>>> print(open('query-v5.cif').read())   # mmCIF, C-alpha atoms
data_start
loop_
_atom_site.group_PDB
_atom_site.id
_atom_site.type_symbol
_atom_site.label_atom_id
_atom_site.label_comp_id
_atom_site.auth_asym_id
_atom_site.auth_seq_id
_atom_site.Cartn_x
_atom_site.Cartn_y
_atom_site.Cartn_z
ATOM 1 C CA MET A 1 -30.085 10.768 -10.267
ATOM 2 C CA ARG A 2 -27.240 11.713 -12.603
ATOM 3 C CA ARG A 3 -25.566 13.874 -9.980
ATOM 4 C CA ALA A 4 -25.756 11.096 -7.378
ATOM 5 C CA VAL A 5 -24.115 8.638 -9.786
ATOM 6 C CA GLY A 6 -21.389 11.125 -10.701
ATOM 7 C CA SER A 7 -20.373 11.861 -7.134
ATOM 8 C CA LYS A 8 -20.113 8.236 -6.031
ATOM 9 C CA TRP A 9 -17.767 7.464 -8.927
ATOM 10 C CA ALA A 10 -15.513 10.488 -8.348
ATOM 11 C CA LEU A 11 -13.079 8.931 -5.872
ATOM 12 C CA PRO A 12 -13.127 5.405 -7.372
ATOM 13 C CA GLY A 13 -12.687 6.923 -10.819
ATOM 14 C CA ALA A 14 -9.700 8.973 -9.690
ATOM 15 C CA VAL A 15 -8.112 5.988 -7.949
ATOM 16 C CA THR A 16 -8.665 3.733 -10.964
ATOM 17 C CA ALA A 17 -7.251 6.324 -13.350
ATOM 18 C CA SER A 18 -4.170 6.822 -11.150
ATOM 19 C CA LEU A 19 -3.535 3.080 -10.832
ATOM 20 C CA ALA A 20 -3.996 2.616 -14.566
ATOM 21 C CA ALA A 21 -1.628 5.479 -15.359
ATOM 22 C CA VAL A 22 1.094 4.160 -13.044
ATOM 23 C CA THR A 23 0.668 0.643 -14.433
ATOM 24 C CA VAL A 24 0.895 1.792 -18.047
ATOM 25 C CA TYR A 25 3.971 3.860 -17.211
ATOM 26 C CA THR A 26 5.587 0.844 -15.532
ATOM 27 C CA VAL A 27 4.872 -1.345 -18.556
ATOM 28 C CA VAL A 28 6.095 1.171 -21.081
ATOM 29 C CA ARG A 29 9.033 2.733 -19.268
ATOM 30 C CA ASN A 30 11.276 -0.088 -18.069
ATOM 31 C CA PRO A 31 12.127 0.000 -14.354
ATOM 32 C CA HIS A 32 15.082 -2.332 -15.028
ATOM 33 C CA GLN A 33 16.816 0.690 -16.509
ATOM 34 C CA PRO A 34 17.873 3.428 -14.113
ATOM 35 C CA GLY A 35 16.408 6.899 -14.274
ATOM 36 C CA ALA A 36 12.695 6.355 -14.828
ATOM 37 C CA PHE A 37 11.612 5.698 -11.261
ATOM 38 C CA PRO A 38 12.735 6.952 -7.834
ATOM 39 C CA ALA A 39 15.025 4.518 -6.051
ATOM 40 C CA CYS A 40 14.357 2.905 -2.704
ATOM 41 C CA VAL A 41 15.362 5.098 0.222
ATOM 42 C CA PHE A 42 15.782 2.091 2.523
ATOM 43 C CA LEU A 43 18.071 0.316 0.080
ATOM 44 C CA ALA A 44 20.135 3.447 -0.548
ATOM 45 C CA GLY A 45 20.443 4.179 3.164
ATOM 46 C CA SER A 46 21.030 0.700 4.591
ATOM 47 C CA GLY A 47 22.012 -1.568 1.720
ATOM 48 C CA TYR A 48 19.173 -3.939 2.597
ATOM 49 C CA TYR A 49 16.034 -4.611 0.593
ATOM 50 C CA CYS A 50 12.667 -3.321 1.721
ATOM 51 C CA PRO A 51 9.575 -5.471 1.059
ATOM 52 C CA GLY A 52 8.726 -3.409 -2.016
ATOM 53 C CA CYS A 53 12.126 -3.612 -3.703
ATOM 54 C CA GLY A 54 11.763 -5.169 -7.136
ATOM 55 C CA GLY A 55 8.005 -4.629 -7.080
ATOM 56 C CA LEU A 56 7.880 -2.293 -10.062
ATOM 57 C CA ARG A 57 10.244 -4.514 -12.044
ATOM 58 C CA ALA A 58 8.031 -7.459 -11.100
ATOM 59 C CA VAL A 59 4.913 -5.696 -12.404
ATOM 60 C CA HIS A 60 6.745 -4.775 -15.599
ATOM 61 C CA ASP A 61 7.895 -8.359 -16.168
ATOM 62 C CA LEU A 62 4.472 -9.763 -15.296
ATOM 63 C CA LEU A 63 2.728 -7.547 -17.825
ATOM 64 C CA HIS A 64 5.292 -8.511 -20.435
ATOM 65 C CA GLY A 65 4.494 -12.187 -19.860
ATOM 66 C CA ASP A 66 7.640 -13.072 -17.907
ATOM 67 C CA VAL A 67 6.104 -14.631 -14.791
ATOM 68 C CA VAL A 68 9.291 -16.376 -13.682
ATOM 69 C CA GLY A 69 11.302 -13.180 -14.019
ATOM 70 C CA ALA A 70 8.645 -11.328 -12.072
ATOM 71 C CA LEU A 71 8.799 -13.869 -9.239
ATOM 72 C CA HIS A 72 12.553 -13.399 -9.033
ATOM 73 C CA MET A 73 12.094 -9.653 -8.677
ATOM 74 C CA ASN A 74 9.595 -9.763 -5.817
ATOM 75 C CA ALA A 75 7.639 -12.930 -5.128
ATOM 76 C CA LEU A 76 5.444 -11.298 -2.481
ATOM 77 C CA VAL A 77 4.268 -8.595 -4.872
ATOM 78 C CA VAL A 78 3.509 -11.127 -7.592
ATOM 79 C CA LEU A 79 1.792 -13.739 -5.422
ATOM 80 C CA GLY A 80 0.206 -11.543 -2.792
ATOM 81 C CA ILE A 81 0.028 -7.813 -3.404
ATOM 82 C CA VAL A 82 -0.981 -7.733 -7.066
ATOM 83 C CA PRO A 83 -3.771 -10.345 -6.716
ATOM 84 C CA ALA A 84 -5.035 -8.736 -3.496
ATOM 85 C CA LEU A 85 -5.085 -5.259 -5.031
ATOM 86 C CA PHE A 86 -6.817 -6.565 -8.147
ATOM 87 C CA VAL A 87 -9.478 -8.464 -6.214
ATOM 88 C CA GLY A 88 -10.039 -5.512 -3.874
ATOM 89 C CA TRP A 89 -10.372 -3.087 -6.771
ATOM 90 C CA ALA A 90 -12.705 -5.357 -8.761
ATOM 91 C CA TRP A 91 -14.893 -6.011 -5.715
ATOM 92 C CA TRP A 92 -15.068 -2.260 -5.022
ATOM 93 C CA MET A 93 -16.110 -1.542 -8.617
ATOM 94 C CA ALA A 94 -18.702 -4.339 -8.596
ATOM 95 C CA ALA A 95 -20.222 -3.126 -5.324
ATOM 96 C CA LEU A 96 -20.498 0.403 -6.703
ATOM 97 C CA ALA A 97 -22.082 -0.761 -9.938
ATOM 98 C CA ASN A 98 -24.514 -3.244 -8.405
ATOM 99 C CA ASP A 99 -26.362 -2.706 -5.135
ATOM 100 C CA LYS A 100 -26.746 -6.441 -4.668
ATOM 101 C CA VAL A 101 -22.975 -6.823 -4.262
ATOM 102 C CA PRO A 102 -21.889 -6.221 -0.653
ATOM 103 C CA ARG A 103 -19.108 -3.695 -0.166
ATOM 104 C CA PRO A 104 -15.613 -5.103 0.359
ATOM 105 C CA ARG A 105 -14.951 -5.851 4.012
ATOM 106 C CA ILE A 106 -11.450 -6.145 5.395
ATOM 107 C CA PRO A 107 -11.603 -8.293 8.519
ATOM 108 C CA THR A 108 -9.315 -7.362 11.387
ATOM 109 C CA TRP A 109 -7.255 -10.546 11.085
ATOM 110 C CA LEU A 110 -6.379 -9.573 7.515
ATOM 111 C CA ALA A 111 -5.653 -5.973 8.460
ATOM 112 C CA VAL A 112 -3.107 -7.188 10.994
ATOM 113 C CA SER A 113 -1.600 -10.104 9.107
ATOM 114 C CA VAL A 114 -0.746 -8.126 5.956
ATOM 115 C CA PRO A 115 1.632 -5.723 7.749
ATOM 116 C CA VAL A 116 3.030 -8.651 9.737
ATOM 117 C CA LEU A 117 3.659 -10.572 6.504
ATOM 118 C CA LEU A 118 5.363 -7.514 5.003
ATOM 119 C CA GLY A 119 7.561 -7.256 8.094
ATOM 120 C CA VAL A 120 8.504 -10.934 7.941
ATOM 121 C CA PHE A 121 9.281 -10.681 4.220
ATOM 122 C CA TRP A 122 11.356 -7.558 4.925
ATOM 123 C CA VAL A 123 13.604 -9.487 7.284
ATOM 124 C CA VAL A 124 13.645 -12.880 5.573
ATOM 125 C CA ARG A 125 14.541 -11.630 2.102
ATOM 126 C CA ASN A 126 17.713 -10.040 3.507
ATOM 127 C CA LEU A 127 18.933 -13.195 5.252
ATOM 128 C CA PRO A 128 21.855 -15.131 3.789
ATOM 129 C CA GLY A 129 20.669 -17.947 1.559
ATOM 130 C CA MET A 130 17.535 -16.049 0.530
ATOM 131 C CA GLU A 131 18.917 -14.571 -2.695
ATOM 132 C CA PHE A 132 15.911 -15.851 -4.639
ATOM 133 C CA LEU A 133 13.746 -13.372 -2.719
ATOM 134 C CA ARG A 134 15.909 -10.429 -3.761
ATOM 135 C CA PRO A 135 15.900 -8.704 -7.167
ATOM 136 C CA MET B 1 -12.993 -3.100 22.690
ATOM 137 C CA GLY B 2 -15.708 -0.592 23.642
ATOM 138 C CA MET B 3 -17.486 -0.685 20.269
ATOM 139 C CA PRO B 4 -21.183 0.159 20.547
ATOM 140 C CA VAL B 5 -23.487 -2.745 19.729
ATOM 141 C CA GLY B 6 -24.953 -2.514 16.251
ATOM 142 C CA ALA B 7 -22.428 0.077 15.000
ATOM 143 C CA SER B 8 -23.168 1.242 11.471
ATOM 144 C CA ASP B 9 -20.610 0.979 8.702
ATOM 145 C CA GLU B 10 -21.230 4.502 7.450
ATOM 146 C CA LYS B 11 -17.677 5.654 8.088
ATOM 147 C CA ASN B 12 -15.918 2.357 7.372
ATOM 148 C CA SER B 13 -14.035 3.814 4.436
ATOM 149 C CA LEU B 14 -11.929 5.770 6.941
ATOM 150 C CA GLY B 15 -10.564 2.556 8.426
ATOM 151 C CA VAL B 16 -9.862 0.969 5.071
ATOM 152 C CA TRP B 17 -8.019 3.998 3.704
ATOM 153 C CA ALA B 18 -6.100 4.454 6.965
ATOM 154 C CA LEU B 19 -4.891 0.847 6.660
ATOM 155 C CA VAL B 20 -3.913 1.101 2.987
ATOM 156 C CA LEU B 21 -2.122 4.435 3.438
ATOM 157 C CA GLY B 22 -0.458 3.141 6.593
ATOM 158 C CA ILE B 23 0.960 0.105 4.771
ATOM 159 C CA LEU B 24 2.097 2.292 1.870
ATOM 160 C CA SER B 25 3.844 4.663 4.271
ATOM 161 C CA ILE B 26 6.102 1.833 5.465
ATOM 162 C CA VAL B 27 6.699 0.220 2.093
ATOM 163 C CA CYS B 28 7.386 3.350 0.051
ATOM 164 C CA CYS B 29 5.902 6.682 0.798
ATOM 165 C CA GLY B 30 6.940 7.634 4.324
ATOM 166 C CA LEU B 31 5.232 10.691 5.665
ATOM 167 C CA PHE B 32 3.381 11.419 2.428
ATOM 168 C CA THR B 33 0.882 8.674 3.080
ATOM 169 C CA GLY B 34 1.852 8.266 6.728
ATOM 170 C CA ILE B 35 0.450 11.554 7.894
ATOM 171 C CA PRO B 36 -2.910 11.028 6.125
ATOM 172 C CA ALA B 37 -2.944 7.515 7.614
ATOM 173 C CA ILE B 38 -2.519 8.941 11.098
ATOM 174 C CA ILE B 39 -5.300 11.468 10.548
ATOM 175 C CA LEU B 40 -7.721 9.031 8.921
ATOM 176 C CA GLY B 41 -6.874 6.332 11.449
ATOM 177 C CA ASN B 42 -7.648 8.683 14.289
ATOM 178 C CA ASN B 43 -10.918 9.740 12.657
ATOM 179 C CA SER B 44 -11.782 6.086 12.122
ATOM 180 C CA LYS B 45 -11.254 5.319 15.797
ATOM 181 C CA LYS B 46 -13.427 8.275 16.777
ATOM 182 C CA ALA B 47 -16.146 7.212 14.354
ATOM 183 C CA ALA B 48 -16.070 3.688 15.754
ATOM 184 C CA ALA B 49 -16.392 5.021 19.293
ATOM 185 C CA GLU B 50 -19.439 6.986 18.164
ATOM 186 C CA GLY B 51 -20.955 3.903 16.555
ATOM 187 C CA ARG B 52 -20.596 5.304 13.027
ATOM 188 C CA ALA B 53 -18.043 2.742 11.906
ATOM 189 C CA SER B 54 -17.683 -0.971 12.595
ATOM 190 C CA ASN B 55 -13.987 -1.338 11.721
ATOM 191 C CA GLY B 56 -12.229 0.642 14.446
ATOM 192 C CA PRO B 57 -9.370 -1.906 14.706
ATOM 193 C CA LEU B 58 -8.511 -1.273 11.032
ATOM 194 C CA GLY B 59 -8.258 2.430 11.699
ATOM 195 C CA ASN B 60 -6.096 1.695 14.711
ATOM 196 C CA VAL B 61 -3.720 -0.478 12.677
ATOM 197 C CA GLY B 62 -3.550 2.224 9.990
ATOM 198 C CA PHE B 63 -2.894 4.850 12.655
ATOM 199 C CA ILE B 64 0.006 2.853 14.117
ATOM 200 C CA LEU B 65 1.456 1.954 10.714
ATOM 201 C CA GLY B 66 1.193 5.624 9.724
ATOM 202 C CA ILE B 67 3.269 6.632 12.735
ATOM 203 C CA ILE B 68 5.873 3.934 12.030
ATOM 204 C CA GLY B 69 5.990 4.826 8.344
ATOM 205 C CA THR B 70 6.338 8.546 9.015
ATOM 206 C CA VAL B 71 9.136 8.009 11.529
ATOM 207 C CA LEU B 72 11.008 5.423 9.437
ATOM 208 C CA GLY B 73 10.528 7.360 6.236
ATOM 209 C CA THR B 74 11.758 10.606 7.721
ATOM 210 C CA LEU B 75 14.687 8.883 9.427
ATOM 211 C CA GLY B 76 15.624 7.124 6.215
ATOM 212 C CA LEU B 77 15.471 10.327 4.237
ATOM 213 C CA VAL B 78 17.654 12.113 6.771
ATOM 214 C CA ILE B 79 20.249 9.324 6.728
ATOM 215 C CA VAL B 80 20.320 9.187 2.972
ATOM 216 C CA LEU B 81 20.616 12.934 2.587
ATOM 217 C CA ALA B 82 23.326 13.080 5.226
ATOM 218 C CA ASN B 83 25.282 10.420 3.357
ATOM 219 C CA GLY B 84 25.074 12.535 0.245
ATOM 220 C CA THR B 85 23.378 9.751 -1.669
ATOM 221 C CA PHE B 86 20.602 12.006 -2.877
ATOM 222 C CA ALA B 87 22.272 11.945 -6.253
ATOM 223 C CA ALA B 88 21.895 8.175 -6.220
ATOM 224 C CA ILE B 89 18.142 8.527 -5.799
ATOM 225 C CA ALA B 90 17.783 11.092 -8.542
ATOM 226 C CA GLY B 91 19.969 9.275 -11.008
ATOM 227 C CA ASN B 92 19.156 5.686 -10.134
#
>>> encode(input="query-v5.cif", output="structure tokens")
Amino acid sequence: MRRAVGSKWALPGAVTASLAAVTVYTVVRNPHQPGAFPACVFLAGSGYYCPGCGGLRAVHDLLHGDVVGALHMNALVVLGIVPALFVGWAWWMAALANDKVPRPRIPTWLAVSVPVLLGVFWVVRNLPGMEFLRP
Amino acid sequence: MGMPVGASDEKNSLGVWALVLGILSIVCCGLFTGIPAIILGNNSKKAAAEGRASNGPLGNVGFILGIIGTVLGTLGLVIVLANGTFAAIAGN
């Protein structure tokens, strides 16, 4: 029984530990200052913002209590990606810990609309007049 | 869609991971998550065809996103390197 429990937690444990490590690093080492994190290839190559630009700074600000600042960095990450990732992770952990909890299901409509939303955000945030969507 | 009736969800994790890695390949990681997305997405589609997964469309989306992410990511890297802005990435 112990071996069965160990093996089912191996991947989730590794994913959780990696996410936690990256999050702690982002909180501690400020992405607003250059040098700590790799820069965006799309931004460097085209001068336009990709949907993730400002995401790390947003997470940093969010975890330092600056919700407004975080929204200015990347509203999609703050309002969509972070909550979705958190809910997905928590649901995954709950389903592993308790057999009565059904495993997370991603319906097809969600699997298609998330990339579409990212694509729309990618274009819209670079349009004139949309400065509030850019870091 | 050709999915067998009563398909199990035994291999559904393939579809989910293909989707996540596919999205990541476009947003940040290019071929590093794109190539796994393509592989997992393909495996997910095969599993769905065999009735061992019920989320074949997810694997398909991940497969496509993985291809887009790999192509865009590689193209972007080539452009940036050619422009000599690699120093900008390292220092910025």
>>> atom_distance(input="query-v5.cif", atom1="atom CA of B:Gly76", atom2="atom CA of A:Val41")
6.3 Å
>>> residues_around(input="query-v5.cif", residues="B:Gly69", least_positions_apart="5", cutoff="8 Å", atoms="all atoms listed in the file", output="ChimeraX atom specification")
/B:22-27,29-31,34
>>> interface_residues(input="query-v5.cif", of="chain A", to="chain B", cutoff="10 Å", atoms="only C-alpha atoms", output="PyMOL selection string")
chain A and resi 31+33-46+50-53+104-112+114-115+118-119+122
>>> axis_aligned_box(input="query-v5.cif", around="stretch 120-131 of chain A", padding_each_side="3 Å", output="JSON")
{"center_x": 15.2, "center_y": -12.8, "center_z": 2.6, "size_x": 19.4, "size_y": 16.4, "size_z": 16.6}
>>> resolve_selection(input="query-v5.cif", expression="the PyMOL selection byres ((chain B and resi 35) around 10)", output="number ranges by chain")
B: 18, 21-22, 25, 30-34, 36-41, 63, 66-67, 69-70
>>> atom_distance(input="query-v5.cif", atom1="atom CA of A:Phe121", atom2="atom CA of A:Gly69")
18.5 Å
>>> resolve_selection(input="query-v5.cif", expression="the PyMOL selection byres ((chain A and resi 23) around 12)", output="ChimeraX atom specification")
/A:16-22,24-31,55-64,82
>>> residues_around(input="query-v5.cif", residues="A:Met73", least_positions_apart="2", cutoff="6 Å", atoms="only C-alpha atoms", output="tab-separated table (two decimals) with C-alpha atoms, in the frame of the given file")
chain	number	residue	atom	x	y	z
A	54	GLY	CA	11.76	-5.17	-7.14
A	58	ALA	CA	8.03	-7.46	-11.10
A	70	ALA	CA	8.64	-11.33	-12.07
A	71	LEU	CA	8.80	-13.87	-9.24
A	135	PRO	CA	15.90	-8.70	-7.17
>>> closest_residue(input="query-v5.cif", among="A:Ser7, A:Tyr48, A:Gly13, A:Gly80", to="A:Pro128", atoms="only C-alpha atoms")
A:Tyr48
>>> build_atoms(input="query-v5.cif", residues="stretch 108-124 of chain A", atoms="N, CA and C atoms", output="short mmCIF file (atom, residue, chain, number, x, y, z; two decimals), in the frame of the given file")
data_model
loop_
_atom_site.label_atom_id
_atom_site.label_comp_id
_atom_site.auth_asym_id
_atom_site.auth_seq_id
_atom_site.Cartn_x
_atom_site.Cartn_y
_atom_site.Cartn_z
N THR A 108 -10.45 -7.79 10.57
CA THR A 108 -9.32 -7.36 11.39
C THR A 108 -8.12 -8.30 11.26
N TRP A 109 -8.38 -9.61 11.17
CA TRP A 109 -7.26 -10.55 11.08
C TRP A 109 -6.42 -10.27 9.84
N LEU A 110 -7.09 -9.87 8.76
CA LEU A 110 -6.38 -9.57 7.52
C LEU A 110 -5.63 -8.25 7.66
N ALA A 111 -6.27 -7.29 8.30
CA ALA A 111 -5.65 -5.97 8.46
C ALA A 111 -4.38 -6.05 9.29
N VAL A 112 -4.31 -7.03 10.18
CA VAL A 112 -3.11 -7.19 10.99
C VAL A 112 -2.10 -8.09 10.31
N SER A 113 -2.56 -9.15 9.66
CA SER A 113 -1.60 -10.10 9.11
C SER A 113 -0.87 -9.58 7.88
N VAL A 114 -1.47 -8.66 7.12
CA VAL A 114 -0.75 -8.13 5.96
C VAL A 114 0.51 -7.36 6.38
N PRO A 115 0.41 -6.39 7.30
CA PRO A 115 1.63 -5.72 7.75
C PRO A 115 2.63 -6.69 8.38
N VAL A 116 2.12 -7.68 9.12
CA VAL A 116 3.03 -8.65 9.74
C VAL A 116 3.78 -9.42 8.65
N LEU A 117 3.04 -9.85 7.62
CA LEU A 117 3.66 -10.57 6.50
C LEU A 117 4.71 -9.71 5.80
N LEU A 118 4.40 -8.42 5.61
CA LEU A 118 5.36 -7.51 5.00
C LEU A 118 6.62 -7.43 5.86
N GLY A 119 6.43 -7.34 7.19
CA GLY A 119 7.56 -7.26 8.09
C GLY A 119 8.42 -8.51 8.04
N VAL A 120 7.77 -9.67 8.02
CA VAL A 120 8.50 -10.93 7.94
C VAL A 120 9.29 -11.01 6.63
N PHE A 121 8.63 -10.67 5.53
CA PHE A 121 9.28 -10.68 4.22
C PHE A 121 10.48 -9.73 4.22
N TRP A 122 10.30 -8.57 4.85
CA TRP A 122 11.36 -7.56 4.92
C TRP A 122 12.63 -8.16 5.53
N VAL A 123 12.45 -8.90 6.62
CA VAL A 123 13.60 -9.49 7.28
C VAL A 123 14.13 -10.70 6.51
N VAL A 124 13.22 -11.61 6.17
CA VAL A 124 13.64 -12.88 5.57
C VAL A 124 14.38 -12.69 4.26
#
